[in-house]
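Here is the structure we will look at.
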Amino acid sequence: MGVYVGLLRAVNVAGYNLVRMAALRDLLNRLGFTQVQTLLQSGNVVFHHDVARPDRLERLLEAELLQTLGVKTDAFVRSAAEWRGIVAGNPYTAEAKADPGRLVVTVLKRAPAPEAWAGLRAAIRGRERVQGSGRHAYIVYPDGAGRSYLTAGLIEAKLGTRGTSRNWNTVGKLERLASE
């Protein structure tokens with residue numbers, strides 16, 4: 001059985017795409033996932049499963065969320081090893097220590113082309129900084145994400161793929177859950 005980190009995009013935001021974490025745990029257990037643990041109310045889940053391909057788990061989660069809970073959203077799944085790699089590869093270690101709430105990791109459906117990363121950096125109008133690697137990006141929002149013009153919509157448009165973001169505090173908590 002492999003250990004996986006799953007993230008649901010844009011659930012429980014301003015009354016939109018409501019998913020109770022108890023319902024999510026129940027759904028995953030019914031699907032044969034084991035040791036299911038949720039974190040916070042924003043669609044973060046750690047689980048064990050015998051499927052070796054996270055992309056298959058993503059499609060299964062997306063289909064079952066729609067069919068069972070009536071929620072259409074993207075699911076992003078990474079193995080525990082991939083998640084540890086995301087944590088270990090953080091290029092903003094000073095920011096992670098000083099203000100982890102202003103450092104986010106955006107997990108992406110697919111790896112953008114190198115020119116897409118350059119286009120995203122060129123679109124930044126504030127003090128934000130972005131480093132991308134494979135299917136994830138590290139973004140520092142020194143003035144806070146809520147005040148930034150570097151929005152999820154802009155990031156997705158420039159990178160040409162969908163994503164979901166979690167702040168560094170949540171990234172670390174998910175790493176610890178996936179290591180238990």
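Labeling convention for the structure tokens: chains A, B, ... as they appear, residues from 1 per chain, ligands from 1 in order of appearance.
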**OP:** From a DSSP pass on the backbone, collect the residues of chain A flagged as strand (DSSP E or B) and hand them back as an MDAnalysis selection string.
**Re:** chainID A and resid 2:8 13 16 34:39 44:49 75:79 103:108 129:133 136:140 163:167
Neighbours of stretch 136-138 of chain A within 8 Å (only C-alpha atoms; same-chain residues fewer than 6 positions away dropped), as a CSV table (one decimal) with C-alpha atoms, in the first residue's frame?
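Output saved as out_29.csv:
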chain,number,residue,atom,x,y,z
A,86,ILE,CA,8.3,19.2,-2.7
A,90,ASN,CA,11.7,24.5,-1.3
A,91,PRO,CA,13.9,27.3,-2.7
A,92,TYR,CA,12.5,29.8,-0.1
A,103,LEU,CA,4.8,31.0,1.2
A,104,VAL,CA,2.5,28.7,-0.9
A,105,VAL,CA,3.0,25.7,-3.0
A,106,THR,CA,0.8,25.4,-6.0
A,107,VAL,CA,0.3,21.8,-7.1
A,108,LEU,CA,-0.4,21.5,-10.8
A,111,ALA,CA,4.4,20.4,-15.8
A,130,VAL,CA,7.9,32.3,-8.2
**OP:** Find, counting only C-alpha atoms, the residue in A:Ala10, A:Val171, A:Ala118, A:Ala23 that gets nearest to A:Glu64.
**Re:**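 Of the candidates, the smallest distance to A:Glu64 is held by A:Ala23.
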Original post:
At what distance in Å, to one decimal, does atom CA of A:Phe76 lie from atom CA of A:Leu8?
Top reply: 6.4 Å
If we count only C-alpha atoms, what is near A:Val46 at a cut-off of 7 Å, once residues fewer than 2 positions away on the same chain are taken out, given as a PDB file with N, CA and C atoms, in the first residue's frame?
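This is the output file result13.pdb:
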ATOM      1  N   TYR A   4      -0.440   8.472   0.126  1.00  0.00           N
ATOM      2  CA  TYR A   4      -0.678   9.573  -0.799  1.00  0.00           C
ATOM      3  C   TYR A   4      -1.219  10.796  -0.080  1.00  0.00           C
ATOM      4  N   VAL A   5      -0.905  11.952  -0.655  1.00  0.00           N
ATOM      5  CA  VAL A   5      -1.489  13.229  -0.229  1.00  0.00           C
ATOM      6  C   VAL A   5      -2.445  13.644  -1.333  1.00  0.00           C
ATOM      7  N   GLY A   6      -3.682  13.937  -0.958  1.00  0.00           N
ATOM      8  CA  GLY A   6      -4.677  14.394  -1.922  1.00  0.00           C
ATOM      9  C   GLY A   6      -5.148  15.798  -1.570  1.00  0.00           C
ATOM     10  N   VAL A  36      -7.448   6.851   6.202  1.00  0.00           N
ATOM     11  CA  VAL A  36      -7.828   8.159   5.660  1.00  0.00           C
ATOM     12  C   VAL A  36      -7.842   9.189   6.782  1.00  0.00           C
ATOM     13  N   GLN A  37      -7.095  10.280   6.568  1.00  0.00           N
ATOM     14  CA  GLN A  37      -7.057  11.388   7.516  1.00  0.00           C
ATOM     15  C   GLN A  37      -7.228  12.690   6.753  1.00  0.00           C
ATOM     16  N   THR A  38      -8.123  13.550   7.228  1.00  0.00           N
ATOM     17  CA  THR A  38      -8.274  14.866   6.611  1.00  0.00           C
ATOM     18  C   THR A  38      -7.601  15.906   7.488  1.00  0.00           C
ATOM     19  N   LEU A 177       1.680  14.120   8.409  1.00  0.00           N
ATOM     20  CA  LEU A 177       0.639  13.090   8.344  1.00  0.00           C
ATOM     21  C   LEU A 177       1.033  11.948   7.410  1.00  0.00           C
ATOM     22  N   ALA A 178       1.650  12.276   6.291  1.00  0.00           N
ATOM     23  CA  ALA A 178       2.039  11.254   5.319  1.00  0.00           C
ATOM     24  C   ALA A 178       3.219  10.417   5.805  1.00  0.00           C
TER      25      ALA A 178
END
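Going from atom CA of A:Arg102 over to atom CA of A:Val140, you cover 5.8 Å.
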Subject >> Residue neighbourhood A:Arg121, 12 Å, only C-alpha atoms, exclusion window fewer than 6 positions, as a ChimeraX atom specification >> reply: /A:114-115,127-132,137-139,150,154-155,158-159
Original post:
How would you write, as a ChimeraX atom specification, the set of residues in stretch 110-165 of chain A that DSSP gives as alpha helix (DSSP H)?
Top reply: /A:114-123,152-159
Subject >> Nearest residue to A:Glu82 from the set A:Pro100, A:Gly153, A:Gly2, A:Gly70 (distances using only C-alpha atoms) >> reply: A:Gly2
Original post:
Which neighbours of A:Arg20 fall inside 9 Å, counting only C-alpha atoms, when residues of the same chain fewer than 4 positions from it are skipped, and could you give them as a list in words?
Top reply: Asn12, Leu24, Arg25, Gln41 and Gly43 of chain A
Could you write out that same residue set with C-alpha atoms as an mmCIF file, in the first residue's frame?
data_model
loop_
_atom_site.group_PDB
_atom_site.id
_atom_site.type_symbol
_atom_site.label_atom_id
_atom_site.label_comp_id
_atom_site.auth_asym_id
_atom_site.auth_seq_id
_atom_site.Cartn_x
_atom_site.Cartn_y
_atom_site.Cartn_z
ATOM 1 C CA ASN A 12 -15.498 25.028 1.149
ATOM 2 C CA LEU A 24 -14.917 12.856 2.249
ATOM 3 C CA ARG A 25 -13.422 10.328 4.679
ATOM 4 C CA GLN A 41 -11.710 21.965 6.085
ATOM 5 C CA GLY A 43 -9.953 19.372 1.023
#
